[in-house]
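Below you'll find the structure, written out as structure tokens, and then a few comments.
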Amino acid sequence: MMPHADHRPMTAREAADLVGGKLEGDPSILLSGVAGLREAEAGQVAYLEDPRYAPLLATTRASLVILAPGVPSPKGRSINVLRTERPGAAFSRLVEVFAPPPLRFAPGAHPSALVASSAKVHPSASIQAHAVIEDGVEVGERTVVGAGCYLGRESRVGNDGLLYPRVTIRERCRLGDRVILHSGVVIGADGFGYEFAEGRYVKVPQVGFVQVDDDVEIGANSTVDRGRFGRTWIQRGVKIDNLVQIAHNVVIGENTAIAAQAGISGSVQIGRMVRVAGQVGTVGHITIGDGATLMAQSGIHRDVAKGATVFGYPAQEQSEAMRTYGALRRLPQMIERVRKLEKQVAEALKRLAS
Amino acid sequence: MMPHADHRPMTAREAADLVGGKLEGDPSILLSGVAGLREAEAGQVAYLEDPRYAPLLATTRASLVILAPGVPSPKGRSINVLRTERPGAAFSRLVEVFAPPPLRFAPGAHPSALVASSAKVHPSASIQAHAVIEDGVEVGERTVVGAGCYLGRESRVGNDGLLYPRVTIRERCRLGDRVILHSGVVIGADGFGYEFAEGRYVKVPQVGFVQVDDDVEIGANSTVDRGRFGRTWIQRGVKIDNLVQIAHNVVIGENTAIAAQAGISGSVQIGRMVRVAGQVGTVGHITIGDGATLMAQSGIHRDVAKGATVFGYPAQEQSEAMRTYGALRRLPQMIERVRKLEKQVAEALKRLAS
Amino acid sequence: MMPHADHRPMTAREAADLVGGKLEGDPSILLSGVAGLREAEAGQVAYLEDPRYAPLLATTRASLVILAPGVPSPKGRSINVLRTERPGAAFSRLVEVFAPPPLRFAPGAHPSALVASSAKVHPSASIQAHAVIEDGVEVGERTVVGAGCYLGRESRVGNDGLLYPRVTIRERCRLGDRVILHSGVVIGADGFGYEFAEGRYVKVPQVGFVQVDDDVEIGANSTVDRGRFGRTWIQRGVKIDNLVQIAHNVVIGENTAIAAQAGISGSVQIGRMVRVAGQVGTVGHITIGDGATLMAQSGIHRDVAKGATVFGYPAQEQSEAMRTYGALRRLPQMIERVRKLEKQVAEALKRLAS
């Protein structure tokens with residue numbers, strides 16, 4: 001099974017002309033698509049950038065492989081090679097050429113969509129089938145609201161937004177321009193807040209909202225809770241992967257990236273350009289400094305300094321954590337050494353006493 | 001950007017009269033909303049309860065800050081202060097006053113909703129756009145079924161329920177009164193059960209159901225699987241955060257709270273008043289005693305006693321875990337000390353031998 | 001509250017005749033349903049297979065209990081017992097008899113479903129309320145597309161598929177035969193890929209697709225991202241639990257099972273018959289060998305060999321990990337022992353020096 005190839009085939013020569021670089025091999029071979037080295041079939045272009053995959057050069061069925069200048073061709077077989085300084089970028093260019101055309105959505109509201117009369121939907125926006133747009137909602141220019149999306153009362157989506165099918169935006173939440181939300185995202189559910197009184201949990205009203213700034217993308221089935229009061233705030237350029245939890249009143253600084261299944265607890269302040277790896281968890285009410293890196297699965301229980309890299313459960317600064325976890329692996333052997341020492345010392349003390 | 005302020009502004013004096021407490025400063029200053037200390041603008045009320053935030057008193061722009069009697073006012077600046085024993089409670093009262101009015105839903109079914117003729121939906125219930133109510137469903141008084149919700153055959157929702165948009169309830173599941181389900185919740189999907197036979201997994205039929213008792217709240221995109229047979233049972237007053245997984249035949253006792261991204265494996269029995277922190281995971285078939293606390297990210301691999309607090313991967317009783325993880329941090333230094341001991345002992349033994 | 005009992009009651013004798021085995025007790029007692037030992041009421045059948053639950057025999061209210069030949073009946077009370085070599089299998093047979101009849105879905109498209117004129121939907125398929133089937137989609141024989149499902153352009157679902165309500169399948173993704181997707185599943189959302197350039201993240205186009213082979217089942221609210229190019233590939237017989245994340249270009253081999261909340265990072269290759277336990281996380285671009293077992297919550301940071309069992313954070317081979325974590329528990333006591341050694345050695349050295 002191959003990726004679609006909506007572009008007509010091109011020759012290796014045409015590909016080289018398009019992306020630049022030096023061709024080694026048959027310039028007339030026909031290319032009809034792109035693939036990874038491992039999966040490529042005859043007629044497809046692949047590339048190598050990560051040297052770990054170099055052994056695949058010996059077995060790939062790709063008709064053309066893009067390589068950096070220094071990388072040796074495989075021994076004992078002749079493959080067609082395109083040499084260029086940045087194989088990944090050249091490949092990306094060909095991916096675009098061969099990719100199926102991006103989906104287009106006609107402006108206007110599908111007849112099955114329900115748009116409240118008080119909503120202000122720009123005529124260039126596309127409201128897909130069965131979407132529900134409540135009272136007072138605003139939808140900007142060229143924004144696509146996918147099938148079955150729900151936009152709660154007085155919520156607002158800016159220009160050039162792309163909401164995939166089945167996104168839920170609760171009342172009064174606000175999205176900037178060029179925001180992409182993947183299917184199943186829930187923006188503005190209630191924060192998790194209760195007071196225990198008279199033998200039961202009493203719900204603390206969650207009357208704030210969520211503000212999502214320009215150029216944010218949020219992955220499938222992720223959840224961003226509304227503020228208890230005030231806002232939960234996802235700043236410009238933030239990228240969030242799938243199944244991520246952002247609790248009430250969290251602030252996430254510009255261009256921070258959060259990988260899948262991470263969870264950010266209530267009122268945490270994350271700086272700019274922070275990298276949060278997969279399955280990281282944080283306690284509430286802490287601050288993560290600009291440019292910090294939280295490594296995968298770490299448990300963050302206190303503030304993290306600007307630029308720091310932390311790792312572990314509980315998390316430590318990286319070099320410290322590496323020492324700790326390195327030592328942990330040597331621990332069983334250490335215990336043997338201590339046992340031996342105990343015997344030797346007992347023996348020595350015995351001899352000293354005699 | 002400020003939270004909505006649907007209430008007309010009030011004076012600091014009026015606020016003090018409303019919530020009680022002693023005013024220090026200008027009683028005539030106008031208040032139009034609430035905010036956190038950090039985010040507050042002129043015209044807003046903030047409060048301080050957690051002493052970690054005391055430094056914000058020096059910089060907040062809030063027009064009035066609610067403080068406990070003992071807390072010193074900031075040095076070198078004059079702010080308006082309202083003194084009261086419980087600043088959080090006083091603030092919550094003002095949050096309610098200034099909050100936008102809660103959403104109201106008209107009774108009856110939206111024309112786009114599909115309600116099976118055999119379903120019994122109370123006339124005071126509100127069935128929103130594109131909801132689907134299958135055969136034999138019962139929906140109680142004043143319950144709101146949000147846009148695009150799905151209620152499978154013979155499922156049952158009690159009185160005063162609130163199902164936010166895009167909730168799925170599979171066939172034969174039963175919800176009590178005052179149950180709140182947030183968007184994306186899936187109640188009653190099949191449990192994860194297979195038998196491996198003749199080279200492949202054969203599905204074990206999952207013919208039970210989910211029972212959710214009164215006053216339960218479940219967060220966005222959480223999943224509660226139906227029993228293999230019998231029920232998965234969420235008892236009265238349980239509160240569950242976002243993206244939580246509850247497997248088949250789990251029982252969760254009254255007033256237990258489960259934070260985001262925790263996962264409870266099949267047939268686990270959790271007692272009453274248990275606190276399960278974020279990203280905790282459990283193995284199947286264990287029992288967690290009443291009042292236990294499972295700290296964040298812990299891996300629970302065996303029973304937890306009543307009232308115990310456990311932590312760690314694998315989890316230990318808290319004091320033990322604190323010793324373990326404290327020791328872990330000292331481990332690299334310990335290894336140095338053992339090395340030094342080895343040298344000294346070798347030296348001592350050499351001298352003893354000579 | 002009891003499971004439905006759609007079957008008429010049967011006698012213990014009839015049950016024994018149906019499933020085989022030797023009856024001890026009253027053959028005429030009437031049975032109307034099945035339950036677990038703990039929950040069973042009079043009139044229900046239960047069974048015991050896991051010896052941990054044997055103490056429940058003393059208190060169960062079940063009218064009949066299925067036991068293996070060797071298991072002693074409870075002392076001091078007389079219960080009706082059915083003896084058989086495989087109590088679980090016998091019980092499963094009775095579960096099926098007493099289970100409510102499986103849901104049936106009439107062929108054809110519900111009037112509220114939107115099926116593009118260019119879609120090829122087999123007449124025996126059932127397209128439920130509010131489902132959206134875009135241009136060029138293919139749906140095979142007898143496949144059920146649940147209420148509110150979304151099938152993007154040119155996506156394909158084979159025969160005998162079962163898509164529960166609110167599943168999203170993005171454009172060009174392909175599902176084989178007998179695929180079961182639970183509510184909230186998102187197939188084919190964009191992979192998480194950006195290049196950081198000129199102070200901001202630039203989205204890397206995600207133009208591939210997802211291929212799901214025959215006999216795959218995927219749990220509620222799980223997400224499978226499309227390939228950056230080429231495919232993300234879930235091979236035949238794979239079983240995936242709830243809230244699992246499968247990133248772009250991952251390949252999962254036949255009959256591999258992945259438990260709830262696990263996360264598989266981009267381009268990971270998982271072999272056949274692998275078992276991935278709950279909340280496991282992996283880094284990207286690694287290979288997990290056939291038949292490997294990744295234990296719960298492990299952090300997998302490098303390749304795992306065929307048949308290996310790994311555990312820990314970071315993960316180690318099981319026997320090594322068991323030693324490591326066993327040693328970790330003894331660490332606080334070890335530190336005491338090292339302190340004692342230090343004192344003894346200092347004393348010994350002092351005496352040697354004197």
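To be explicit about the labels: the chains of the structure tokens are called A, B, and onward in the order shown, and within each one the residues are counted from 1, while ligands get numbers from 1 in the order they are shown.
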
Original post:
Counting only C-alpha atoms, which residues of chain B come no farther than 7 Å from chain C, as an MDAnalysis selection string?
Top reply: chainID B and resid 184 186 189 192 200:201 207:208 221 223 229:230 323:324 327 341 345 348

For A:Arg93: contacts at 12 Å, only C-alpha atoms, fewer than 5 positions along chain excluded, given as a PDB file with all heavy atoms, in the first residue's frame:
ATOM      1  N   ALA A  15      13.578  15.831 -10.352  1.00  0.00           N
ATOM      2  CA  ALA A  15      13.601  15.966  -8.889  1.00  0.00           C
ATOM      3  C   ALA A  15      14.842  16.732  -8.451  1.00  0.00           C
ATOM      4  O   ALA A  15      14.775  17.628  -7.599  1.00  0.00           O
ATOM      5  CB  ALA A  15      13.572  14.583  -8.228  1.00  0.00           C
ATOM      6  N   ALA A  16      15.995  16.389  -9.063  1.00  0.00           N
ATOM      7  CA  ALA A  16      17.245  17.073  -8.711  1.00  0.00           C
ATOM      8  C   ALA A  16      17.157  18.550  -9.069  1.00  0.00           C
ATOM      9  O   ALA A  16      17.609  19.427  -8.310  1.00  0.00           O
ATOM     10  CB  ALA A  16      18.427  16.419  -9.425  1.00  0.00           C
ATOM     11  N   ASP A  17      16.551  18.843 -10.214  1.00  0.00           N
ATOM     12  CA  ASP A  17      16.405  20.249 -10.607  1.00  0.00           C
ATOM     13  C   ASP A  17      15.513  20.988  -9.619  1.00  0.00           C
ATOM     14  O   ASP A  17      15.729  22.155  -9.298  1.00  0.00           O
ATOM     15  CB  ASP A  17      15.810  20.354 -12.025  1.00  0.00           C
ATOM     16  CG  ASP A  17      16.810  19.874 -13.091  1.00  0.00           C
ATOM     17  OD1 ASP A  17      18.013  19.701 -12.746  1.00  0.00           O
ATOM     18  OD2 ASP A  17      16.389  19.663 -14.237  1.00  0.00           O
ATOM     19  N   LEU A  18      14.503  20.294  -9.124  1.00  0.00           N
ATOM     20  CA  LEU A  18      13.538  20.935  -8.229  1.00  0.00           C
ATOM     21  C   LEU A  18      14.141  21.269  -6.870  1.00  0.00           C
ATOM     22  O   LEU A  18      13.949  22.358  -6.334  1.00  0.00           O
ATOM     23  CB  LEU A  18      12.335  19.999  -8.033  1.00  0.00           C
ATOM     24  CG  LEU A  18      11.182  20.542  -7.199  1.00  0.00           C
ATOM     25  CD1 LEU A  18      10.446  21.634  -7.954  1.00  0.00           C
ATOM     26  CD2 LEU A  18      10.221  19.409  -6.834  1.00  0.00           C
ATOM     27  N   VAL A  19      14.876  20.329  -6.299  1.00  0.00           N
ATOM     28  CA  VAL A  19      15.344  20.518  -4.915  1.00  0.00           C
ATOM     29  C   VAL A  19      16.823  20.863  -4.839  1.00  0.00           C
ATOM     30  O   VAL A  19      17.333  21.149  -3.756  1.00  0.00           O
ATOM     31  CB  VAL A  19      15.079  19.262  -4.049  1.00  0.00           C
ATOM     32  CG1 VAL A  19      13.602  18.897  -4.093  1.00  0.00           C
ATOM     33  CG2 VAL A  19      15.938  18.084  -4.506  1.00  0.00           C
ATOM     34  N   GLY A  20      17.519  20.852  -5.977  1.00  0.00           N
ATOM     35  CA  GLY A  20      18.958  21.110  -5.956  1.00  0.00           C
ATOM     36  C   GLY A  20      19.715  19.857  -5.576  1.00  0.00           C
ATOM     37  O   GLY A  20      19.141  18.857  -5.151  1.00  0.00           O
ATOM     38  N   GLY A  33       6.458   8.835  -5.963  1.00  0.00           N
ATOM     39  CA  GLY A  33       6.033   9.073  -4.586  1.00  0.00           C
ATOM     40  C   GLY A  33       7.210   9.088  -3.633  1.00  0.00           C
ATOM     41  O   GLY A  33       8.367   8.931  -4.053  1.00  0.00           O
ATOM     42  N   VAL A  34       6.926   9.291  -2.369  1.00  0.00           N
ATOM     43  CA  VAL A  34       7.945   9.371  -1.323  1.00  0.00           C
ATOM     44  C   VAL A  34       7.660   8.317  -0.274  1.00  0.00           C
ATOM     45  O   VAL A  34       6.525   7.879  -0.106  1.00  0.00           O
ATOM     46  CB  VAL A  34       7.933  10.762  -0.643  1.00  0.00           C
ATOM     47  CG1 VAL A  34       8.354  11.842  -1.629  1.00  0.00           C
ATOM     48  CG2 VAL A  34       6.556  11.052  -0.066  1.00  0.00           C
ATOM     49  N   VAL A  45      11.028   7.837  -3.711  1.00  0.00           N
ATOM     50  CA  VAL A  45      12.208   8.527  -3.192  1.00  0.00           C
ATOM     51  C   VAL A  45      12.243   8.365  -1.680  1.00  0.00           C
ATOM     52  O   VAL A  45      11.197   8.482  -1.038  1.00  0.00           O
ATOM     53  CB  VAL A  45      12.132  10.042  -3.489  1.00  0.00           C
ATOM     54  CG1 VAL A  45      13.471  10.719  -3.172  1.00  0.00           C
ATOM     55  CG2 VAL A  45      11.726  10.299  -4.922  1.00  0.00           C
ATOM     56  N   TYR A  47      15.065   9.152   1.957  1.00  0.00           N
ATOM     57  CA  TYR A  47      16.226   9.959   2.332  1.00  0.00           C
ATOM     58  C   TYR A  47      16.822   9.395   3.604  1.00  0.00           C
ATOM     59  O   TYR A  47      16.186   8.640   4.335  1.00  0.00           O
ATOM     60  CB  TYR A  47      15.835  11.430   2.509  1.00  0.00           C
ATOM     61  CG  TYR A  47      15.194  11.757   3.827  1.00  0.00           C
ATOM     62  CD1 TYR A  47      15.843  12.554   4.775  1.00  0.00           C
ATOM     63  CD2 TYR A  47      13.923  11.264   4.136  1.00  0.00           C
ATOM     64  CE1 TYR A  47      15.244  12.850   5.990  1.00  0.00           C
ATOM     65  CE2 TYR A  47      13.321  11.557   5.331  1.00  0.00           C
ATOM     66  CZ  TYR A  47      13.985  12.342   6.267  1.00  0.00           C
ATOM     67  OH  TYR A  47      13.393  12.622   7.465  1.00  0.00           O
ATOM     68  N   ILE A  66      18.090  10.303  -1.102  1.00  0.00           N
ATOM     69  CA  ILE A  66      18.758  11.582  -0.889  1.00  0.00           C
ATOM     70  C   ILE A  66      19.721  11.440   0.278  1.00  0.00           C
ATOM     71  O   ILE A  66      19.330  11.006   1.365  1.00  0.00           O
ATOM     72  CB  ILE A  66      17.723  12.695  -0.596  1.00  0.00           C
ATOM     73  CG1 ILE A  66      16.579  12.647  -1.633  1.00  0.00           C
ATOM     74  CG2 ILE A  66      18.391  14.066  -0.582  1.00  0.00           C
ATOM     75  CD1 ILE A  66      15.483  13.679  -1.404  1.00  0.00           C
ATOM     76  N   ARG A  86      21.210  19.250   2.847  1.00  0.00           N
ATOM     77  CA  ARG A  86      20.128  19.044   3.815  1.00  0.00           C
ATOM     78  C   ARG A  86      19.114  18.049   3.262  1.00  0.00           C
ATOM     79  O   ARG A  86      18.064  18.439   2.755  1.00  0.00           O
ATOM     80  CB  ARG A  86      19.461  20.377   4.158  1.00  0.00           C
ATOM     81  CG  ARG A  86      20.439  21.355   4.877  1.00  0.00           C
ATOM     82  CD  ARG A  86      19.807  22.724   5.076  1.00  0.00           C
ATOM     83  NE  ARG A  86      18.542  22.617   5.807  1.00  0.00           N
ATOM     84  CZ  ARG A  86      17.528  23.459   5.675  1.00  0.00           C
ATOM     85  NH1 ARG A  86      17.620  24.476   4.827  1.00  0.00           N
ATOM     86  NH2 ARG A  86      16.424  23.307   6.368  1.00  0.00           N
ATOM     87  N   PRO A  87      19.410  16.752   3.399  1.00  0.00           N
ATOM     88  CA  PRO A  87      18.519  15.737   2.822  1.00  0.00           C
ATOM     89  C   PRO A  87      17.073  15.849   3.324  1.00  0.00           C
ATOM     90  O   PRO A  87      16.130  15.665   2.559  1.00  0.00           O
ATOM     91  CB  PRO A  87      19.150  14.412   3.281  1.00  0.00           C
ATOM     92  CG  PRO A  87      20.575  14.747   3.558  1.00  0.00           C
ATOM     93  CD  PRO A  87      20.585  16.159   4.064  1.00  0.00           C
ATOM     94  N   GLY A  88      16.916  16.181   4.620  1.00  0.00           N
ATOM     95  CA  GLY A  88      15.565  16.263   5.178  1.00  0.00           C
ATOM     96  C   GLY A  88      14.742  17.354   4.510  1.00  0.00           C
ATOM     97  O   GLY A  88      13.576  17.157   4.163  1.00  0.00           O
ATOM     98  N   PHE A  98       4.475  15.538  -3.988  1.00  0.00           N
ATOM     99  CA  PHE A  98       3.737  14.292  -4.207  1.00  0.00           C
ATOM    100  C   PHE A  98       2.501  14.166  -3.307  1.00  0.00           C
ATOM    101  O   PHE A  98       1.674  13.291  -3.516  1.00  0.00           O
ATOM    102  CB  PHE A  98       4.652  13.084  -3.991  1.00  0.00           C
ATOM    103  CG  PHE A  98       5.596  12.854  -5.139  1.00  0.00           C
ATOM    104  CD1 PHE A  98       6.963  13.017  -4.983  1.00  0.00           C
ATOM    105  CD2 PHE A  98       5.106  12.481  -6.386  1.00  0.00           C
ATOM    106  CE1 PHE A  98       7.833  12.796  -6.031  1.00  0.00           C
ATOM    107  CE2 PHE A  98       5.979  12.256  -7.447  1.00  0.00           C
ATOM    108  CZ  PHE A  98       7.346  12.423  -7.275  1.00  0.00           C
ATOM    109  N   ALA A  99       2.436  14.984  -2.275  1.00  0.00           N
ATOM    110  CA  ALA A  99       1.325  14.848  -1.324  1.00  0.00           C
ATOM    111  C   ALA A  99      -0.009  15.069  -2.023  1.00  0.00           C
ATOM    112  O   ALA A  99      -0.106  15.829  -2.982  1.00  0.00           O
ATOM    113  CB  ALA A  99       1.485  15.845  -0.185  1.00  0.00           C
TER     114      ALA A  99
ATOM    115  N   VAL C 204       5.485  20.880  10.225  1.00  0.00           N
ATOM    116  CA  VAL C 204       5.927  19.947   9.190  1.00  0.00           C
ATOM    117  C   VAL C 204       4.669  19.267   8.639  1.00  0.00           C
ATOM    118  O   VAL C 204       3.910  18.676   9.409  1.00  0.00           O
ATOM    119  CB  VAL C 204       6.872  18.892   9.783  1.00  0.00           C
ATOM    120  CG1 VAL C 204       7.170  17.809   8.764  1.00  0.00           C
ATOM    121  CG2 VAL C 204       8.151  19.550  10.268  1.00  0.00           C
ATOM    122  N   PRO C 205       4.432  19.364   7.347  1.00  0.00           N
ATOM    123  CA  PRO C 205       3.201  18.785   6.799  1.00  0.00           C
ATOM    124  C   PRO C 205       3.108  17.296   7.133  1.00  0.00           C
ATOM    125  O   PRO C 205       4.105  16.579   7.086  1.00  0.00           O
ATOM    126  CB  PRO C 205       3.341  18.983   5.289  1.00  0.00           C
ATOM    127  CG  PRO C 205       4.385  20.030   5.110  1.00  0.00           C
ATOM    128  CD  PRO C 205       5.306  19.937   6.300  1.00  0.00           C
ATOM    129  N   PHE C 229       4.707  11.106   6.282  1.00  0.00           N
ATOM    130  CA  PHE C 229       4.417  10.646   4.930  1.00  0.00           C
ATOM    131  C   PHE C 229       4.308   9.135   5.100  1.00  0.00           C
ATOM    132  O   PHE C 229       4.688   8.596   6.144  1.00  0.00           O
ATOM    133  CB  PHE C 229       5.513  11.026   3.942  1.00  0.00           C
ATOM    134  CG  PHE C 229       6.866  10.642   4.421  1.00  0.00           C
ATOM    135  CD1 PHE C 229       7.385   9.380   4.157  1.00  0.00           C
ATOM    136  CD2 PHE C 229       7.618  11.517   5.202  1.00  0.00           C
ATOM    137  CE1 PHE C 229       8.619   9.000   4.647  1.00  0.00           C
ATOM    138  CE2 PHE C 229       8.852  11.130   5.697  1.00  0.00           C
ATOM    139  CZ  PHE C 229       9.357   9.874   5.419  1.00  0.00           C
TER     140      PHE C 229
END

**OP:** Any chance you could list, as a list of chain:residue names, the residues in stretch 118-345 of chain A that come up helix (DSSP H, G or I) when DSSP is run on the backbone?
**Re:**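 The helix (DSSP H, G or I) residues within stretch 118-345 of chain A come out as A:Gln318, A:Ser319, A:Glu320, A:Ala321, A:Met322, A:Arg323, A:Thr324, A:Tyr325, A:Gly326, A:Ala327, A:Leu328, A:Arg329, A:Arg330, A:Leu331, A:Pro332, A:Gln333, A:Met334, A:Ile335, A:Glu336, A:Arg337, A:Val338, A:Arg339, A:Lys340, A:Leu341, A:Glu342, A:Lys343, A:Gln344, A:Val345.
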
**OP:** Using backbone DSSP assignments, extract all strand (DSSP E) residues from stretch 2-57 of chain A; output them as a ChimeraX atom specification.
**Re:** /A:10-11,22-24,30-31,33-34,44-47

**OP:** May I ask for the distance between atom CA of A:Leu67 and atom CA of A:Gly21, given in Å to one decimal place?
**Re:**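 So the two atoms, atom CA of A:Leu67 and atom CA of A:Gly21, lie 9.6 Å apart.
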
Subject >> Minimum-distance residue to B:Leu37, chosen among B:Pro123, B:Glu49, B:Thr60, B:Ala54 (using only C-alpha atoms) >> reply: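 Once distances to B:Leu37 are computed over only C-alpha atoms, the minimum belongs to B:Thr60.
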
Original post:
Contacts of A:Asp303 at 8 Å or less, counting only C-alpha atoms, minus same-chain residues fewer than 3 places along, as a list of chain:residue names?
Top reply: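 Answer for this query is A:Ile286, A:Thr287, A:Ile288, A:Gly289, A:Ile300.
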
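For the residues C:Arg172, C:Glu154, C:Arg351, C:Arg83, ranking by smallest atom-to-atom distance to C:Ser118 using only C-alpha atoms places C:Glu154 first.
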
Original post:
In terms of the shortest atom-to-atom distance over only C-alpha atoms, which of C:Ser265, C:Ala90, C:His110, C:Thr59 is closest to C:Gly76?
Top reply: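 Closest to C:Gly76, using only C-alpha atoms: C:Thr59.
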
**OP:** To one decimal in Å, tell me the separation between atom CA of A:Val283 and atom CA of B:Val280.
**Re:**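 These atoms are spaced 12.8 Å apart.
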
**OP:** Excluding A:Ala305 and residues on its chain fewer than 3 positions from it, collect all residues at most 10 Å away from it, counting only C-alpha atoms, and give them as a ChimeraX atom specification.
**Re:** /A:271,287-293,302,308-310,317

Residue subset to file, keeping all heavy atoms, as a CSV table (one decimal), in the first residue's frame:
chain,number,residue,atom,x,y,z
A,271,GLY,N,7.0,29.0,31.4
A,271,GLY,CA,7.6,30.1,30.6
A,271,GLY,C,7.6,29.8,29.1
A,271,GLY,O,6.9,29.0,28.6
A,287,THR,N,6.4,27.1,39.1
A,287,THR,CA,6.8,27.9,38.0
A,287,THR,C,7.9,27.2,37.3
A,287,THR,O,8.9,26.7,37.9
A,287,THR,CB,7.3,29.3,38.5
A,287,THR,OG1,6.2,29.9,39.2
A,287,THR,CG2,7.8,30.2,37.4
A,288,ILE,N,7.8,27.1,35.9
A,288,ILE,CA,8.8,26.5,35.1
A,288,ILE,C,9.4,27.6,34.3
A,288,ILE,O,8.7,28.3,33.5
A,288,ILE,CB,8.2,25.4,34.2
A,288,ILE,CG1,7.2,24.5,34.9
A,288,ILE,CG2,9.3,24.7,33.4
A,288,ILE,CD1,7.9,23.6,35.9
A,289,GLY,N,10.7,27.8,34.4
A,289,GLY,CA,11.4,29.0,33.8
A,289,GLY,C,11.5,28.8,32.3
A,289,GLY,O,11.4,27.7,31.7
A,290,ASP,N,11.7,30.0,31.6
A,290,ASP,CA,11.9,30.0,30.2
A,290,ASP,C,12.9,29.0,29.7
A,290,ASP,O,14.0,28.9,30.4
A,290,ASP,CB,12.3,31.4,29.7
A,290,ASP,CG,11.2,32.5,29.9
A,290,ASP,OD1,10.1,32.1,30.2
A,290,ASP,OD2,11.6,33.7,29.8
A,291,GLY,N,12.7,28.4,28.6
A,291,GLY,CA,13.7,27.5,28.0
A,291,GLY,C,14.0,26.2,28.8
A,291,GLY,O,14.9,25.5,28.4
A,292,ALA,N,13.3,25.9,29.8
A,292,ALA,CA,13.5,24.7,30.5
A,292,ALA,C,13.1,23.5,29.7
A,292,ALA,O,12.3,23.6,28.8
A,292,ALA,CB,12.8,24.7,31.9
A,293,THR,N,13.7,22.3,30.0
A,293,THR,CA,13.3,21.1,29.4
A,293,THR,C,12.9,20.1,30.5
A,293,THR,O,13.7,19.9,31.4
A,293,THR,CB,14.5,20.5,28.6
A,293,THR,OG1,14.8,21.4,27.6
A,293,THR,CG2,14.1,19.2,28.0
A,302,ARG,N,8.5,20.8,42.1
A,302,ARG,CA,8.9,22.2,42.6
A,302,ARG,C,9.3,23.0,41.4
A,302,ARG,O,9.4,22.5,40.3
A,302,ARG,CB,9.9,22.1,43.6
A,302,ARG,CG,11.2,21.4,43.1
A,302,ARG,CD,12.3,21.4,44.2
A,302,ARG,NE,13.4,20.7,43.7
A,302,ARG,CZ,14.5,20.3,44.4
A,302,ARG,NH1,14.5,20.5,45.7
A,302,ARG,NH2,15.5,19.7,43.9
A,308,ALA,N,16.9,25.2,32.7
A,308,ALA,CA,17.3,24.0,33.4
A,308,ALA,C,16.7,22.8,32.6
A,308,ALA,O,15.7,22.9,32.0
A,308,ALA,CB,16.9,23.9,34.8
A,309,THR,N,17.4,21.7,32.6
A,309,THR,CA,16.9,20.4,32.1
A,309,THR,C,16.7,19.5,33.3
A,309,THR,O,17.6,19.3,34.1
A,309,THR,CB,17.8,19.8,31.1
A,309,THR,OG1,17.9,20.6,30.0
A,309,THR,CG2,17.3,18.4,30.7
A,310,VAL,N,15.5,19.0,33.5
A,310,VAL,CA,15.3,18.1,34.7
A,310,VAL,C,14.7,16.8,34.2
A,310,VAL,O,14.1,16.6,33.2
A,310,VAL,CB,14.3,18.8,35.7
A,310,VAL,CG1,14.9,20.1,36.2
A,310,VAL,CG2,12.9,18.9,35.1
A,317,GLU,N,17.8,18.1,38.6
A,317,GLU,CA,18.5,18.7,37.5
A,317,GLU,C,19.2,17.6,36.8
A,317,GLU,O,19.7,16.6,37.4
A,317,GLU,CB,19.5,19.8,38.1
A,317,GLU,CG,20.1,20.7,37.1
A,317,GLU,CD,21.3,20.1,36.4
A,317,GLU,OE1,22.0,19.3,37.0
A,317,GLU,OE2,21.4,20.3,35.1

**OP:** Could you tell me which of A:Leu82, A:Val244, A:Met295, A:Ala197 comes closest to A:Ile264 if we count only C-alpha atoms?
**Re:**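 Once distances to A:Ile264 are computed over only C-alpha atoms, the minimum belongs to A:Val244.
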